[in-house]
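One structure is given here, and the rest of the page talks about it.
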Amino acid sequence: MRDGRTVPVLLALLLSAVACTTGPALEDQGQVTGPPGDSKHLTIGSAGFTESDLLAQMYALLLDRAGYSTKVISVTNREIYEPALESGQIDVVPEYAATFADWLNAKKSGADATPVGSPDLGTTMRALRALATPRGLTVLDPGRAVDQNAFAVTAPYVAKHRLRTLSDLGRSGLPVRLAAGDECVQRPYCAPGLKKTYGIDIAAVDPKGVGTTQAKQAVRSGRDQMVLTTTTDATLDDFGLVLLADDKHLQNADYLVPVVNRSRAGSPGVRDALDRLNTVLTTADLARMNEQVDSWRRLPEDVARNYLESKKLIPRS
């Protein structure tokens, strides 16, 4: 039922339409209070990077199994795909709870709005749903998988200094040169947060980007001692790196959540189909799938299908 190929005509129309609008005005959204819709033909949006592609493909396969006909399109810019989700040109997208909450809050209240995402998942989800609902969006339940900022060091460094957590590193008193993005110097989750929350002595920030090859190589070579990456980074083993646990919860609750257009995909059928993934998908699972695509050069659709088959969420083809 599903057409997994690129959909150039639909995407061209989508981009053209969204270029003329920033999404329906809140006061014009009469659909918000109407009954949730159950269209049998759904468009699933991917943000165009490996993890989002994998999630979109898994959503499509699960919805196919539940009797829906689906298309997957890639729209790499949230400024484009979020208004398209509001207008019903896209029906379902995988999102990240805290990041999406802060993005919607900035859209509503301006770029300088106080962030509403937090390390607490319940607080974050309440804020996200309060922002999404007036826009005709329904945020489904989060699963177990989370893609947060994370910090990694080499395995020998861990063994030498007996480290397991970021608190351990703070107590060690070791000066740490951190490979990260330029913004790390000011962002509260990065250098300032590491100093304030954990007492880590950040001696310098080496501006090599977030989780880039250059950043990881700098840590492996000993030029830097720690790298800013993510919890689903698929290549840490390749560089001999291990994550230190964020034991005081500095990072926000960026759990994976499906977001749907309520008037087209807000039905129990869609919710139940996608909820099946919540019980099985873990952060480690997602990292392994990212690795299969990024390092092994497998297709996201094939990796997604094999995973769902292995978990008995869809029948083997």
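So you can find residues: chains in the structure tokens are A, B, ... in the order shown, residues in each start at 1, and ligands are numbered from 1 in order.
On the backbone of this structure, DSSP gives helix (DSSP H, G or I) within stretch 144-183 of chain A to Ala155, Pro156, Tyr157, Val158, Ala159, Lys160, His161, Leu166, Ser167, Asp168, Leu169, Gly170, Arg171, Ser172, Asp182 and Glu183 of chain A.
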Taking all heavy atoms for each residue, export the selection above as a compact mmCIF listing (two decimals), in the first residue's frame.
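This is the output file selection_24.txt:
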# COMPACT_ATOMS: atom_id res chain seq x y z
N ALA A 155 37.57 5.56 26.55
CA ALA A 155 37.51 4.45 27.50
C ALA A 155 38.74 4.44 28.43
O ALA A 155 38.58 4.23 29.65
CB ALA A 155 37.39 3.13 26.74
N PRO A 156 39.96 4.67 27.93
CA PRO A 156 41.10 4.73 28.85
C PRO A 156 40.99 5.85 29.89
O PRO A 156 41.42 5.69 31.04
CB PRO A 156 42.30 4.95 27.91
CG PRO A 156 41.86 4.39 26.61
CD PRO A 156 40.40 4.68 26.52
N TYR A 157 40.42 6.98 29.49
CA TYR A 157 40.22 8.10 30.41
C TYR A 157 39.26 7.70 31.52
O TYR A 157 39.47 8.02 32.70
CB TYR A 157 39.68 9.29 29.61
CG TYR A 157 39.63 10.61 30.32
CD1 TYR A 157 40.76 11.41 30.43
CD2 TYR A 157 38.44 11.10 30.85
CE1 TYR A 157 40.72 12.65 31.06
CE2 TYR A 157 38.38 12.33 31.47
CZ TYR A 157 39.52 13.10 31.58
OH TYR A 157 39.46 14.33 32.19
N VAL A 158 38.21 6.98 31.15
CA VAL A 158 37.24 6.47 32.13
C VAL A 158 37.93 5.54 33.12
O VAL A 158 37.75 5.65 34.35
CB VAL A 158 36.09 5.74 31.42
CG1 VAL A 158 35.29 4.89 32.41
CG2 VAL A 158 35.15 6.74 30.74
N ALA A 159 38.71 4.60 32.59
CA ALA A 159 39.37 3.63 33.46
C ALA A 159 40.39 4.28 34.37
O ALA A 159 40.47 3.97 35.57
CB ALA A 159 40.04 2.55 32.59
N LYS A 160 41.18 5.20 33.83
CA LYS A 160 42.24 5.84 34.60
C LYS A 160 41.69 6.64 35.77
O LYS A 160 42.26 6.63 36.88
CB LYS A 160 43.07 6.73 33.68
CG LYS A 160 44.21 7.47 34.40
CD LYS A 160 45.01 8.34 33.42
CE LYS A 160 46.13 9.07 34.15
NZ LYS A 160 46.92 9.91 33.20
N HIS A 161 40.58 7.35 35.53
CA HIS A 161 40.05 8.25 36.55
C HIS A 161 38.80 7.70 37.24
O HIS A 161 38.17 8.40 38.04
CB HIS A 161 39.75 9.61 35.93
CG HIS A 161 40.95 10.27 35.32
ND1 HIS A 161 42.01 10.73 36.07
CD2 HIS A 161 41.28 10.52 34.02
CE1 HIS A 161 42.93 11.24 35.28
NE2 HIS A 161 42.52 11.13 34.03
N LEU A 166 28.89 12.25 35.00
CA LEU A 166 29.41 13.61 34.96
C LEU A 166 29.74 14.12 36.36
O LEU A 166 30.67 14.91 36.54
CB LEU A 166 28.41 14.53 34.27
CG LEU A 166 28.25 14.32 32.76
CD1 LEU A 166 27.05 15.10 32.22
CD2 LEU A 166 29.52 14.70 31.99
N SER A 167 29.01 13.65 37.36
CA SER A 167 29.34 14.00 38.74
C SER A 167 30.72 13.50 39.12
O SER A 167 31.49 14.19 39.82
CB SER A 167 28.29 13.45 39.71
OG SER A 167 27.08 14.14 39.60
N ASP A 168 31.04 12.27 38.67
CA ASP A 168 32.37 11.73 38.94
C ASP A 168 33.45 12.63 38.36
O ASP A 168 34.49 12.89 38.99
CB ASP A 168 32.52 10.33 38.34
CG ASP A 168 31.64 9.30 39.01
OD1 ASP A 168 31.24 9.51 40.16
OD2 ASP A 168 31.35 8.26 38.36
N LEU A 169 33.21 13.12 37.14
CA LEU A 169 34.19 13.99 36.50
C LEU A 169 34.34 15.30 37.26
O LEU A 169 35.45 15.82 37.45
CB LEU A 169 33.78 14.26 35.05
CG LEU A 169 34.74 15.12 34.21
CD1 LEU A 169 36.15 14.53 34.20
CD2 LEU A 169 34.20 15.28 32.79
N GLY A 170 33.22 15.85 37.73
CA GLY A 170 33.29 17.08 38.51
C GLY A 170 34.08 16.88 39.80
O GLY A 170 34.91 17.72 40.18
N ARG A 171 33.83 15.77 40.48
CA ARG A 171 34.54 15.51 41.74
C ARG A 171 36.03 15.28 41.53
O ARG A 171 36.85 15.51 42.43
CB ARG A 171 33.93 14.30 42.45
CG ARG A 171 32.61 14.59 43.15
CD ARG A 171 32.19 13.44 44.02
NE ARG A 171 31.82 12.27 43.23
CZ ARG A 171 30.60 11.99 42.83
NH1 ARG A 171 29.61 12.81 43.14
NH2 ARG A 171 30.35 10.91 42.11
N SER A 172 36.41 14.82 40.31
CA SER A 172 37.82 14.55 40.04
C SER A 172 38.68 15.81 40.04
O SER A 172 39.89 15.76 40.26
CB SER A 172 37.97 13.83 38.70
OG SER A 172 37.77 14.75 37.62
N ASP A 182 30.38 26.25 18.73
CA ASP A 182 30.69 27.59 19.23
C ASP A 182 29.74 28.03 20.34
O ASP A 182 30.15 28.68 21.31
CB ASP A 182 30.61 28.62 18.10
CG ASP A 182 31.69 28.43 17.05
OD1 ASP A 182 32.74 27.87 17.39
OD2 ASP A 182 31.49 28.86 15.90
N GLU A 183 28.47 27.66 20.19
CA GLU A 183 27.45 28.13 21.11
C GLU A 183 27.58 27.51 22.50
O GLU A 183 26.94 27.96 23.46
CB GLU A 183 26.05 27.83 20.55
CG GLU A 183 25.66 26.35 20.50
CD GLU A 183 26.23 25.62 19.30
OE1 GLU A 183 27.01 26.23 18.53
OE2 GLU A 183 25.91 24.42 19.13
With a distance cut-off of 9 Å and only C-alpha atoms, select the neighbouring residues of A:Asp233, excluding the residue or stretch itself and same-chain residues fewer than 6 positions from it, and output the selection as a list in words.
Asp147, Gly211, Leu286, Ala287, Arg288, Asn290 and Glu291 of chain A
Would you write out those residues with C-alpha atoms, as a PDB file, in the first residue's frame?
ATOM      1  CA  ASP A 147      17.842  11.775  21.835  1.00  0.00           C
ATOM      2  CA  GLY A 211      29.439  15.117  17.497  1.00  0.00           C
ATOM      3  CA  LEU A 286      17.837   3.807  17.732  1.00  0.00           C
ATOM      4  CA  ALA A 287      21.596   4.268  17.955  1.00  0.00           C
ATOM      5  CA  ARG A 288      22.135   0.823  16.414  1.00  0.00           C
ATOM      6  CA  ASN A 290      21.492   4.945  12.955  1.00  0.00           C
ATOM      7  CA  GLU A 291      24.754   3.038  12.703  1.00  0.00           C
TER       8      GLU A 291
END
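Distances here use only C-alpha atoms; by that measure, the residue among A:Arg305, A:Arg297, A:Arg177, A:Lys108 closest to A:Ala218 is A:Arg177.
Nearest residue to A:Gly199 among A:Met58, A:Thr138, A:Ala101, A:Pro175 is A:Pro175, counting only C-alpha atoms.
Residue nearest A:Leu55 within the list A:Leu241, A:Ala145, A:Ala127, A:Ile202: A:Ala145 [criterion: smallest interatomic distance, only C-alpha atoms].
You can rank A:Ala106, A:Ile200, A:Met125, A:Ala132 by their closest distance to A:Glu86 using only C-alpha atoms, and at the top of that list sits A:Ala132.
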Please provide the set of residues having any atom within 10 Å of stretch 276-284 of chain A, restricted to only C-alpha atoms, with same-chain residues fewer than 6 positions apart removed, written as a short mmCIF file (atom, residue, chain, number, x, y, z; two decimals) with N, CA, C and O atoms, in the first residue's frame.
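Contents of selection31.cif, freshly written:
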data_model
loop_
_atom_site.label_atom_id
_atom_site.label_comp_id
_atom_site.auth_asym_id
_atom_site.auth_seq_id
_atom_site.Cartn_x
_atom_site.Cartn_y
_atom_site.Cartn_z
N LEU A 55 12.54 6.89 11.76
CA LEU A 55 11.28 6.98 12.49
C LEU A 55 10.10 7.14 11.54
O LEU A 55 9.06 6.49 11.72
N MET A 58 9.35 3.79 10.05
CA MET A 58 8.69 2.91 11.02
C MET A 58 7.24 3.31 11.22
O MET A 58 6.35 2.45 11.30
N TYR A 59 6.98 4.62 11.31
CA TYR A 59 5.60 5.07 11.43
C TYR A 59 4.78 4.59 10.24
O TYR A 59 3.63 4.12 10.39
N LEU A 62 4.05 0.81 10.39
CA LEU A 62 3.05 0.49 11.41
C LEU A 62 1.66 0.93 10.98
O LEU A 62 0.66 0.22 11.21
N ASP A 141 1.73 9.92 22.91
CA ASP A 141 2.56 9.61 24.07
C ASP A 141 4.01 9.37 23.66
O ASP A 141 4.28 8.77 22.61
N PRO A 142 4.94 9.81 24.50
CA PRO A 142 6.35 9.52 24.24
C PRO A 142 6.66 8.06 24.54
O PRO A 142 5.95 7.41 25.31
N GLY A 143 7.71 7.57 23.91
CA GLY A 143 8.15 6.21 24.20
C GLY A 143 9.34 6.22 25.14
O GLY A 143 9.55 7.15 25.92
N ARG A 144 10.17 5.19 25.03
CA ARG A 144 11.34 5.05 25.90
C ARG A 144 12.58 5.71 25.32
O ARG A 144 13.53 6.02 26.05
N ALA A 145 12.59 5.93 24.01
CA ALA A 145 13.79 6.44 23.34
C ALA A 145 13.91 7.95 23.53
O ALA A 145 12.92 8.68 23.43
N VAL A 146 15.13 8.40 23.77
CA VAL A 146 15.38 9.82 23.96
C VAL A 146 16.67 10.18 23.23
O VAL A 146 17.65 9.44 23.26
N ASP A 147 16.65 11.30 22.54
CA ASP A 147 17.84 11.78 21.84
C ASP A 147 18.23 13.12 22.45
O ASP A 147 17.76 14.17 22.04
N GLN A 148 19.09 13.05 23.45
CA GLN A 148 19.52 14.25 24.17
C GLN A 148 20.97 14.57 23.87
O GLN A 148 21.73 13.72 23.41
N THR A 231 22.79 11.15 22.61
CA THR A 231 22.60 9.81 23.18
C THR A 231 22.39 8.73 22.13
O THR A 231 22.50 7.55 22.44
N THR A 232 22.06 9.11 20.90
CA THR A 232 21.88 8.10 19.85
C THR A 232 23.01 8.14 18.83
O THR A 232 22.86 7.66 17.71
N ASP A 233 24.16 8.70 19.21
CA ASP A 233 25.33 8.72 18.33
C ASP A 233 25.75 7.29 18.01
O ASP A 233 26.03 6.49 18.91
N ALA A 234 25.81 6.98 16.72
CA ALA A 234 26.07 5.60 16.29
C ALA A 234 27.54 5.27 16.15
O ALA A 234 27.89 4.13 15.91
N TYR A 255 12.51 13.32 24.51
CA TYR A 255 11.97 12.01 24.15
C TYR A 255 11.29 12.10 22.79
O TYR A 255 10.74 13.14 22.41
N LEU A 256 11.31 11.00 22.09
CA LEU A 256 10.69 10.95 20.77
C LEU A 256 9.18 10.89 20.92
O LEU A 256 8.65 10.07 21.68
N VAL A 257 8.48 11.75 20.18
CA VAL A 257 7.02 11.78 20.22
C VAL A 257 6.46 11.93 18.80
O VAL A 257 6.97 12.75 18.03
N ASN A 290 20.74 3.85 13.56
CA ASN A 290 21.49 4.95 12.95
C ASN A 290 22.81 4.44 12.39
O ASN A 290 23.23 4.83 11.30
N TYR A 307 13.82 -4.04 11.81
CA TYR A 307 13.64 -3.83 13.25
C TYR A 307 12.22 -4.19 13.68
O TYR A 307 12.02 -4.92 14.67
N LEU A 308 11.23 -3.68 12.97
CA LEU A 308 9.84 -3.95 13.35
C LEU A 308 9.51 -5.44 13.23
O LEU A 308 8.76 -5.99 14.05
N LYS A 311 10.91 -7.31 16.21
CA LYS A 311 10.12 -7.07 17.43
C LYS A 311 8.68 -7.57 17.29
O LYS A 311 7.86 -7.36 18.18
N LEU A 313 6.31 -6.53 15.43
CA LEU A 313 5.31 -5.48 15.30
C LEU A 313 4.68 -5.48 13.92
O LEU A 313 3.59 -4.94 13.74
#
Using only C-alpha atoms, which protein or nucleic acid residues come within 10 Å of A:Leu299? Drop anything in the same chain fewer than 6 positions from it, and give the result as a list in words.
Thr50, Asp53, Leu54, Gln292 and Val293 of chain A
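Rounded to one decimal, atom CA of A:Leu250 and atom CA of A:Tyr81 lie 29.0 Å from each other.
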List every residue of stretch 27-220 of chain A that DSSP, applied to the backbone, labels as strand (DSSP E or B), and write the result as a ChimeraX atom specification.
/A:41-46,69-74,92-96,137-139,146,149-154,165,175-180,201-207
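Residue nearest A:Ile90 within the list A:Asn261, A:Gln251, A:Asn105, A:Ser295: A:Asn261 [criterion: smallest interatomic distance, only C-alpha atoms].
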Nearby residues (only C-alpha atoms) at most 12 Å from A:Gly117, same-chain spacing under 3 positions excluded, as number ranges by chain:
A: 96-106, 113-114, 120-129, 131, 189, 250-255
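Using only C-alpha atoms, the protein and nucleic acid residues lying no more than 6 Å from A:Gly209, apart from those fewer than 2 places from it along its own chain, are Ala180, Gly181, Pro207 and Thr212 of chain A.
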Write the residues of the selection above to a file with N, CA, C and O atoms, as a PDB file, in the first residue's frame.
ATOM      1  N   ALA A 180      33.150  20.928  21.084  1.00  0.00           N
ATOM      2  CA  ALA A 180      31.712  21.202  20.957  1.00  0.00           C
ATOM      3  C   ALA A 180      31.508  22.304  19.929  1.00  0.00           C
ATOM      4  O   ALA A 180      32.447  22.719  19.245  1.00  0.00           O
ATOM      5  N   GLY A 181      30.272  22.777  19.809  1.00  0.00           N
ATOM      6  CA  GLY A 181      29.976  23.884  18.920  1.00  0.00           C
ATOM      7  C   GLY A 181      30.319  25.222  19.560  1.00  0.00           C
ATOM      8  O   GLY A 181      30.503  25.323  20.782  1.00  0.00           O
ATOM      9  N   PRO A 207      36.059  24.618  19.335  1.00  0.00           N
ATOM     10  CA  PRO A 207      34.885  24.729  18.461  1.00  0.00           C
ATOM     11  C   PRO A 207      34.957  23.822  17.240  1.00  0.00           C
ATOM     12  O   PRO A 207      35.209  24.259  16.119  1.00  0.00           O
ATOM     13  N   THR A 212      30.834  15.893  15.670  1.00  0.00           N
ATOM     14  CA  THR A 212      31.463  15.753  14.359  1.00  0.00           C
ATOM     15  C   THR A 212      32.651  14.801  14.433  1.00  0.00           C
ATOM     16  O   THR A 212      33.199  14.521  15.508  1.00  0.00           O
TER      17      THR A 212
END
Exercise: A:Ala273 partners within 7 Å, only C-alpha atoms, chain neighbours under 4 positions left out, as a ChimeraX atom specification
/A:62-63,66,269
Take the residues from that selection and put them in a file with all heavy atoms, as a PDB file, in the first residue's frame.
ATOM      1  N   LEU A  62       4.053   0.806  10.392  1.00  0.00           N
ATOM      2  CA  LEU A  62       3.053   0.488  11.413  1.00  0.00           C
ATOM      3  C   LEU A  62       1.658   0.928  10.982  1.00  0.00           C
ATOM      4  O   LEU A  62       0.663   0.218  11.215  1.00  0.00           O
ATOM      5  CB  LEU A  62       3.429   1.156  12.730  1.00  0.00           C
ATOM      6  CG  LEU A  62       4.657   0.575  13.440  1.00  0.00           C
ATOM      7  CD1 LEU A  62       5.109   1.501  14.559  1.00  0.00           C
ATOM      8  CD2 LEU A  62       4.353  -0.819  13.994  1.00  0.00           C
ATOM      9  N   LEU A  63       1.568   2.094  10.347  1.00  0.00           N
ATOM     10  CA  LEU A  63       0.265   2.566   9.866  1.00  0.00           C
ATOM     11  C   LEU A  63      -0.229   1.722   8.700  1.00  0.00           C
ATOM     12  O   LEU A  63      -1.432   1.447   8.586  1.00  0.00           O
ATOM     13  CB  LEU A  63       0.359   4.043   9.485  1.00  0.00           C
ATOM     14  CG  LEU A  63       0.508   5.001  10.667  1.00  0.00           C
ATOM     15  CD1 LEU A  63       0.935   6.387  10.210  1.00  0.00           C
ATOM     16  CD2 LEU A  63      -0.790   5.077  11.470  1.00  0.00           C
ATOM     17  N   ALA A  66      -1.840  -1.186  10.038  1.00  0.00           N
ATOM     18  CA  ALA A  66      -3.144  -0.883  10.640  1.00  0.00           C
ATOM     19  C   ALA A  66      -4.202  -0.524   9.603  1.00  0.00           C
ATOM     20  O   ALA A  66      -5.324  -0.152   9.973  1.00  0.00           O
ATOM     21  CB  ALA A  66      -2.980   0.262  11.631  1.00  0.00           C
ATOM     22  N   GLY A 269      -7.166   4.944  15.899  1.00  0.00           N
ATOM     23  CA  GLY A 269      -6.473   4.010  15.015  1.00  0.00           C
ATOM     24  C   GLY A 269      -5.027   4.404  14.791  1.00  0.00           C
ATOM     25  O   GLY A 269      -4.117   3.560  14.851  1.00  0.00           O
TER      26      GLY A 269
END
